[in-house]
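Colleague: Hey, dropping protein.cif in here, mmCIF, C-alpha atoms:
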```cif
data_structure
#
loop_
_atom_site.group_PDB
_atom_site.id
_atom_site.type_symbol
_atom_site.label_atom_id
_atom_site.label_comp_id
_atom_site.auth_asym_id
_atom_site.auth_seq_id
_atom_site.Cartn_x
_atom_site.Cartn_y
_atom_site.Cartn_z
ATOM 1 C CA GLY A 1 0.000 0.000 0.000
ATOM 2 C CA LEU A 2 2.652 2.526 0.982
ATOM 3 C CA ALA A 3 4.761 1.629 -2.061
ATOM 4 C CA GLU A 4 1.777 1.950 -4.387
ATOM 5 C CA ARG A 5 1.097 5.414 -2.983
ATOM 6 C CA ARG A 6 4.785 6.297 -3.491
ATOM 7 C CA SER A 7 5.092 7.245 0.145
ATOM 8 C CA GLU A 8 8.474 8.540 1.290
ATOM 9 C CA ALA A 9 10.403 6.978 4.150
ATOM 10 C CA THR A 10 13.583 7.769 6.020
ATOM 11 C CA VAL A 11 15.977 4.962 6.966
ATOM 12 C CA ILE A 12 18.545 5.575 9.701
ATOM 13 C CA ALA A 13 21.297 2.961 9.956
ATOM 14 C CA HIS A 14 23.770 2.677 12.808
ATOM 15 C CA VAL A 15 27.115 1.550 11.387
ATOM 16 C CA LYS A 16 30.472 1.046 13.049
ATOM 17 C CA ARG A 17 33.810 -0.259 11.813
ATOM 18 C CA THR A 18 35.787 -2.914 13.658
ATOM 19 C CA PRO A 19 39.455 -3.300 12.640
ATOM 20 C CA ALA A 20 40.293 -6.890 11.663
ATOM 21 C CA GLU A 21 43.092 -8.800 9.985
ATOM 22 C CA ALA A 22 42.383 -11.090 7.051
ATOM 23 C CA PHE A 23 44.689 -13.334 5.053
ATOM 24 C CA ASN A 24 44.990 -15.258 1.802
ATOM 25 C CA VAL A 25 45.897 -18.943 1.776
ATOM 26 C CA THR A 26 48.509 -19.637 -0.896
ATOM 27 C CA ALA A 27 50.601 -22.535 -2.168
ATOM 28 C CA ARG A 28 52.937 -23.139 -5.095
ATOM 29 C CA MET A 29 53.652 -26.347 -6.982
ATOM 30 C CA GLN A 30 56.988 -26.059 -8.719
ATOM 31 C CA GLY A 31 57.115 -26.855 -12.406
ATOM 32 C CA THR A 32 59.946 -28.520 -14.283
ATOM 33 C CA GLU A 33 60.330 -25.597 -16.687
ATOM 34 C CA ARG A 34 60.427 -22.514 -14.514
ATOM 35 C CA ALA A 35 60.583 -20.138 -17.496
ATOM 36 C CA LEU A 36 57.039 -21.047 -18.562
ATOM 37 C CA PRO A 37 54.209 -18.720 -17.506
ATOM 38 C CA PRO A 38 52.490 -20.150 -14.402
ATOM 39 C CA LEU A 39 48.935 -21.373 -13.977
ATOM 40 C CA VAL A 40 46.918 -19.781 -11.161
ATOM 41 C CA VAL A 41 44.007 -21.569 -9.465
ATOM 42 C CA MET A 42 41.927 -19.304 -7.244
ATOM 43 C CA THR A 43 38.763 -19.163 -5.169
ATOM 44 C CA PRO A 44 37.496 -16.779 -2.504
ATOM 45 C CA ARG A 45 37.586 -18.043 1.082
ATOM 46 C CA SER A 46 35.347 -15.378 2.616
ATOM 47 C CA GLY A 47 31.783 -14.201 2.160
ATOM 48 C CA TRP A 48 28.617 -13.059 3.868
ATOM 49 C CA TRP A 49 27.128 -15.015 6.780
ATOM 50 C CA SER A 50 27.831 -18.741 7.068
ATOM 51 C CA CYS A 51 28.002 -19.126 3.245
ATOM 52 C CA ALA A 52 28.146 -22.945 3.240
ATOM 53 C CA SER A 53 27.016 -23.282 -0.376
ATOM 54 C CA GLU A 54 28.236 -19.850 -1.493
ATOM 55 C CA ARG A 55 31.850 -20.717 -0.722
ATOM 56 C CA GLY A 56 31.857 -24.440 0.050
ATOM 57 C CA GLY A 57 31.762 -25.809 -3.499
ATOM 58 C CA GLY A 58 34.500 -23.516 -4.763
ATOM 59 C CA ILE A 59 36.803 -24.303 -1.861
ATOM 60 C CA ALA A 60 36.165 -28.036 -2.287
ATOM 61 C CA CYS A 61 37.019 -27.835 -6.010
ATOM 62 C CA TRP A 62 40.134 -25.789 -5.240
ATOM 63 C CA LEU A 63 41.344 -28.406 -2.752
ATOM 64 C CA GLU A 64 40.513 -31.284 -5.087
ATOM 65 C CA VAL A 65 42.487 -29.709 -7.942
ATOM 66 C CA MET A 66 45.408 -29.382 -5.555
ATOM 67 C CA ARG A 67 45.074 -33.024 -4.551
ATOM 68 C CA ALA A 68 44.797 -34.175 -8.167
ATOM 69 C CA MET A 69 48.022 -32.347 -9.014
ATOM 70 C CA ARG A 70 49.855 -33.867 -6.059
ATOM 71 C CA GLY A 71 52.627 -36.199 -7.127
ATOM 72 C CA LEU A 72 52.600 -34.955 -10.721
ATOM 73 C CA LYS A 73 55.398 -33.029 -12.356
ATOM 74 C CA PRO A 74 53.757 -30.140 -14.193
ATOM 75 C CA ALA A 75 55.777 -28.300 -16.797
ATOM 76 C CA ARG A 76 54.899 -24.891 -15.347
ATOM 77 C CA ASP A 77 54.501 -23.599 -11.803
ATOM 78 C CA VAL A 78 50.960 -23.845 -10.431
ATOM 79 C CA LEU A 79 49.973 -21.183 -7.915
ATOM 80 C CA PHE A 80 46.992 -21.706 -5.619
ATOM 81 C CA VAL A 81 45.284 -18.850 -3.786
ATOM 82 C CA ALA A 82 42.166 -18.840 -1.617
ATOM 83 C CA SER A 83 41.593 -15.136 -1.156
ATOM 84 C CA SER A 84 39.961 -13.142 1.582
ATOM 85 C CA GLY A 85 38.122 -9.849 1.204
ATOM 86 C CA HIS A 86 35.707 -11.133 -1.439
ATOM 87 C CA GLU A 87 32.844 -9.198 0.108
ATOM 88 C CA LEU A 88 34.993 -6.046 0.103
ATOM 89 C CA GLY A 89 35.459 -5.671 -3.627
ATOM 90 C CA GLN A 90 37.693 -8.744 -4.086
ATOM 91 C CA LEU A 91 40.367 -7.046 -1.987
ATOM 92 C CA GLY A 92 42.375 -10.212 -1.326
ATOM 93 C CA ILE A 93 43.027 -11.112 -4.961
ATOM 94 C CA GLU A 94 43.944 -7.508 -5.754
ATOM 95 C CA ILE A 95 46.617 -7.565 -3.058
ATOM 96 C CA PHE A 96 47.814 -11.005 -4.211
ATOM 97 C CA ALA A 97 48.326 -9.651 -7.736
ATOM 98 C CA GLU A 98 49.877 -6.354 -6.602
ATOM 99 C CA ARG A 99 52.562 -8.256 -4.704
ATOM 100 C CA ARG A 100 53.422 -10.263 -7.825
ATOM 101 C CA PRO A 101 54.002 -7.688 -10.583
ATOM 102 C CA GLY A 102 53.468 -9.069 -14.070
ATOM 103 C CA LEU A 103 51.637 -12.196 -12.889
ATOM 104 C CA MET A 104 48.230 -11.047 -14.105
ATOM 105 C CA LYS A 105 49.147 -10.660 -17.777
ATOM 106 C CA HIS A 106 51.923 -13.211 -18.062
ATOM 107 C CA SER A 107 50.248 -16.284 -16.566
ATOM 108 C CA ARG A 108 49.165 -19.172 -18.783
ATOM 109 C CA ALA A 109 45.678 -18.758 -17.336
ATOM 110 C CA TRP A 110 43.682 -18.195 -14.164
ATOM 111 C CA ILE A 111 41.094 -20.769 -13.098
ATOM 112 C CA HIS A 112 38.430 -19.118 -10.948
ATOM 113 C CA PHE A 113 35.988 -21.063 -8.780
ATOM 114 C CA GLY A 114 33.282 -18.534 -8.012
ATOM 115 C CA ALA A 115 30.241 -18.596 -5.766
ATOM 116 C CA ASN A 116 27.533 -21.241 -5.404
ATOM 117 C CA ILE A 117 29.203 -24.150 -7.197
ATOM 118 C CA GLY A 118 27.151 -27.244 -6.434
ATOM 119 C CA ALA A 119 24.494 -25.375 -4.439
ATOM 120 C CA ALA A 120 21.438 -27.558 -3.785
ATOM 121 C CA GLN A 121 18.820 -24.798 -3.744
ATOM 122 C CA ASP A 122 17.874 -23.543 -7.254
ATOM 123 C CA PRO A 123 21.159 -24.603 -8.896
ATOM 124 C CA GLY A 124 22.429 -23.230 -12.197
ATOM 125 C CA ASN A 125 25.773 -22.432 -13.802
ATOM 126 C CA THR A 126 27.364 -19.479 -15.555
ATOM 127 C CA VAL A 127 30.648 -19.746 -17.445
ATOM 128 C CA GLN A 128 32.951 -16.766 -17.926
ATOM 129 C CA ALA A 129 36.039 -16.751 -20.113
ATOM 130 C CA SER A 130 38.545 -14.318 -21.539
ATOM 131 C CA ASP A 131 38.498 -15.871 -25.023
ATOM 132 C CA ASP A 132 37.207 -18.757 -27.138
ATOM 133 C CA GLU A 133 40.068 -21.108 -26.237
ATOM 134 C CA MET A 134 39.495 -20.684 -22.518
ATOM 135 C CA GLU A 135 35.744 -21.128 -22.843
ATOM 136 C CA GLY A 136 36.158 -24.235 -24.973
ATOM 137 C CA MET A 137 38.534 -25.797 -22.456
ATOM 138 C CA MET A 138 35.834 -25.382 -19.832
ATOM 139 C CA SER A 139 32.554 -25.931 -21.676
ATOM 140 C CA GLN A 140 33.532 -29.048 -23.625
ATOM 141 C CA PRO A 141 34.429 -31.268 -20.627
ATOM 142 C CA MET A 142 31.473 -29.864 -18.659
ATOM 143 C CA THR A 143 29.121 -30.923 -21.458
ATOM 144 C CA VAL A 144 30.690 -34.387 -21.635
ATOM 145 C CA ALA A 145 30.228 -34.744 -17.869
ATOM 146 C CA GLY A 146 26.573 -33.735 -18.142
ATOM 147 C CA LEU A 147 27.050 -30.466 -16.284
ATOM 148 C CA ALA A 148 24.642 -27.802 -17.469
ATOM 149 C CA ILE A 149 25.709 -24.402 -18.766
ATOM 150 C CA ASN A 150 22.782 -22.066 -18.163
ATOM 151 C CA ARG A 151 24.479 -18.823 -19.109
ATOM 152 C CA ARG A 152 27.597 -17.639 -20.917
ATOM 153 C CA VAL A 153 28.876 -14.165 -20.131
ATOM 154 C CA PRO A 154 29.316 -12.278 -23.439
ATOM 155 C CA ARG A 155 32.914 -11.866 -24.555
ATOM 156 C CA GLY A 156 34.426 -8.599 -23.402
ATOM 157 C CA THR A 157 31.978 -8.176 -20.523
ATOM 158 C CA ILE A 158 33.603 -7.680 -17.124
ATOM 159 C CA PRO A 159 32.919 -10.997 -15.365
ATOM 160 C CA GLY A 160 31.671 -11.378 -11.822
ATOM 161 C CA GLY A 161 33.854 -12.116 -8.833
ATOM 162 C CA GLU A 162 37.629 -12.350 -8.767
ATOM 163 C CA ALA A 163 37.703 -13.126 -12.497
ATOM 164 C CA GLY A 164 36.753 -9.478 -13.004
ATOM 165 C CA VAL A 165 40.060 -8.416 -11.460
ATOM 166 C CA VAL A 166 41.948 -10.675 -13.886
ATOM 167 C CA HIS A 167 39.889 -9.386 -16.810
ATOM 168 C CA GLN A 168 40.675 -5.773 -15.988
ATOM 169 C CA GLY A 169 44.325 -6.664 -15.505
ATOM 170 C CA GLY A 170 44.583 -8.153 -18.991
ATOM 171 C CA GLY A 171 44.929 -11.795 -17.926
ATOM 172 C CA ARG A 172 43.435 -14.931 -19.474
ATOM 173 C CA TYR A 173 40.903 -16.821 -17.419
ATOM 174 C CA LEU A 174 38.164 -19.388 -17.250
ATOM 175 C CA SER A 175 35.611 -19.005 -14.502
ATOM 176 C CA LEU A 176 32.591 -20.832 -13.135
ATOM 177 C CA ILE A 177 29.835 -19.279 -11.013
ATOM 178 C CA GLY A 178 26.735 -21.075 -9.746
ATOM 179 C CA ARG A 179 23.220 -19.995 -8.865
ATOM 180 C CA ASN A 180 21.748 -20.328 -5.392
ATOM 181 C CA ALA A 181 18.433 -19.506 -3.710
ATOM 182 C CA LEU A 182 20.352 -19.031 -0.434
ATOM 183 C CA PHE A 183 22.923 -16.602 -1.849
ATOM 184 C CA HIS A 184 23.834 -13.938 0.732
ATOM 185 C CA ASN A 185 21.303 -15.451 3.116
ATOM 186 C CA PRO A 186 21.855 -16.316 6.814
ATOM 187 C CA SER A 187 20.186 -19.686 6.115
ATOM 188 C CA ASP A 188 23.085 -20.747 3.858
ATOM 189 C CA ARG A 189 24.343 -23.356 6.270
ATOM 190 C CA GLY A 190 24.234 -27.074 6.923
ATOM 191 C CA PRO A 191 24.548 -30.129 4.638
ATOM 192 C CA GLU A 192 21.194 -29.533 2.952
ATOM 193 C CA ALA A 193 22.595 -26.388 1.298
ATOM 194 C CA VAL A 194 25.050 -28.273 -0.931
ATOM 195 C CA ASP A 195 25.020 -31.128 -3.449
ATOM 196 C CA PRO A 196 28.241 -33.122 -2.770
ATOM 197 C CA ALA A 197 27.827 -35.344 -5.833
ATOM 198 C CA MET A 198 27.536 -32.317 -8.099
ATOM 199 C CA ILE A 199 30.573 -30.671 -6.489
ATOM 200 C CA ALA A 200 32.560 -33.876 -7.052
ATOM 201 C CA ARG A 201 31.694 -33.817 -10.773
ATOM 202 C CA PHE A 202 32.825 -30.214 -11.092
ATOM 203 C CA ALA A 203 36.033 -31.000 -9.208
ATOM 204 C CA ALA A 204 36.866 -33.883 -11.553
ATOM 205 C CA VAL A 205 36.259 -31.750 -14.657
ATOM 206 C CA PHE A 206 38.389 -28.870 -13.457
ATOM 207 C CA ALA A 207 41.162 -31.136 -12.210
ATOM 208 C CA GLY A 208 41.481 -32.353 -15.792
ATOM 209 C CA ILE A 209 41.501 -28.778 -17.106
ATOM 210 C CA ALA A 210 44.206 -27.796 -14.623
ATOM 211 C CA LYS A 211 46.380 -30.753 -15.588
ATOM 212 C CA THR A 212 46.117 -29.798 -19.267
ATOM 213 C CA LEU A 213 46.941 -26.147 -18.662
ATOM 214 C CA ALA A 214 49.835 -27.027 -16.355
ATOM 215 C CA GLY A 215 51.322 -29.504 -18.792
ATOM 216 C CA ALA A 216 51.095 -32.311 -16.258
#
```
Now that the file is in, can you turn its structure into structure tokens?

Modeller:
Amino acid sequence: GLAERRSEATVIAHVKRTPAEAFNVTARMQGTERALPPLVVMTPRSGWWSCASERGGGIACWLEVMRAMRGLKPARDVLFVASSGHELGQLGIEIFAERRPGLMKHSRAWIHFGANIGAAQDPGNTVQASDDEMEGMMSQPMTVAGLAINRRVPRGTIPGGEAGVVHQGGGRYLSLIGRNALFHNPSDRGPEAVDPAMIARFAAVFAGIAKTLAGA
């Protein structure tokens, strides 16, 4: 009623800042040919509320790619980063890149596990890529594995999440973001929020992509 009558309202919000320290989790797998541009595998490790399905699937895929690469001898270095500050404008990945001048443009590629991968509530998938090669490397094995692609971000569009930082920095990337009815919701918690079998399928697909890009 009030909205239909275009009534005006005043909202007063009490806001305070609390200083805190955040950190990125990083690892490096050394390649046999150190002169080759490295591969970077990234996912955010922070978000709003409990964010079980917002962050859980991406972190699980990130860890599974790391495990799949264990014991292999990739040709190039593989850098892993789980970044903080996602909810503050992707601050963590910006700092990670700033401390490694040249990494953004001169990497082989960046693999980005975005939000809501394998969410159980209203699932859906969006693929984002810097170019046709990157998109093909992602979409082809996803299709073979029976993983739906509901949306493709148009080429040249600034992608969502940390992939947007890579895009603006001139790097090559392939990125996956899911859909989720509990996105940015305090109820995003507990085992019912995620689909473990779906997450496992994504992890297997992207482990294969990472091995190819790393020359393992």

Colleague: Might you pull out every residue within 7 Å of Glu33 (chain A), with all atoms listed in the file counted and same-chain residues fewer than 3 positions away left off, and present them as a list in words?

Modeller: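 Those residues are Leu36, Ala75 and Arg76 of chain A.
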
Colleague: Hey, what's within 7 Å of region 189-199 of chain A if we count all atoms listed in the file and toss same-chain stuff fewer than 5 positions away? As a PyMOL selection string, please?

Modeller: chain A and resi 50-53+57+117-121

Colleague: Taking the file as shown, what set of residues would the PyMOL selection byres ((chain A and resi 158-164) around 10) give back, as a PyMOL selection string?

Modeller: chain A and resi 42-44+83+86-87+89-94+110-115+126-130+153-157+165-177

Colleague: Taking the file as shown, what set of residues would the PyMOL selection byres ((chain A and resi 37) around 12) give back, as a ChimeraX atom specification?

Modeller: /A:30-36,38-40,74-79,102-110,171-172,213-215

Colleague: One decimal, in Å: what's the spacing between CA of Ala207 (chain A) and CA of Arg152 (chain A)?

Modeller: 21.0 Å

Colleague: Considering all atoms listed in the file, can you say which of A:Gly1, A:Gly178, A:Gly71, A:Gly56 comes closest to Pro123 (chain A)?

Modeller: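 Under the stated criterion, the closest residue is A:Gly178.
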
Colleague: Using all atoms listed in the file, can you tell me which of A:Ala60, A:Ile12, A:Ala145, A:Val65 comes closest to Met29 (chain A)?

Modeller: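 Using all atoms listed in the file, Met29 (chain A) sits closest to A:Val65.
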
Colleague: So how far away is CA of Glu98 (chain A) from CA of Trp48 (chain A), in Å?

Modeller: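 According to the coordinates, CA of Trp48 (chain A) and CA of Glu98 (chain A) are separated by 24.6 Å.
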
Colleague: So, with all atoms listed in the file as the atoms that count, which of A:Cys61, A:Ala82, A:Met138, A:Met69 lies closest to Arg201 (chain A)?

Modeller: A:Cys61

Colleague: Have a look at A:Ala148, A:Leu72, A:Arg67, A:Arg45 and name the one nearest to Ala204 (chain A); count all atoms listed in the file.

Modeller: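 Using all atoms listed in the file, Ala204 (chain A) sits closest to A:Arg67.
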
Colleague: When you count all atoms listed in the file, which of these residues is closest to Met134 (chain A): A:Asp122, A:Phe96, A:Ala210, A:Ala68?

Modeller: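 Closest to Met134 (chain A), using all atoms listed in the file: A:Ala210.
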
Colleague: Quick one: distance from CA of Leu63 (chain A) to CA of Glu133 (chain A) in Å, one decimal?

Modeller: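 That distance, rounded to one decimal, is 24.6 Å.
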
Colleague: Do you know which residues are at most 7 Å from Val205 (chain A) counting all atoms listed in the file, after dropping those on the same chain fewer than 3 positions away, and could you put them as a ChimeraX atom specification?

Modeller: /A:141-142,201-202,208-209

Colleague: Might I get the box with edges along x, y and z of the file that holds all atoms of region 142-158 of chain A listed there, padded by 8 Å on every side, given as centre and edge lengths in Å to one decimal, as JSON?

Modeller:
```
{"center_x": 28.6, "center_y": -21.2, "center_z": -20.4, "size_x": 27.6, "size_y": 43.1, "size_z": 24.3}
```
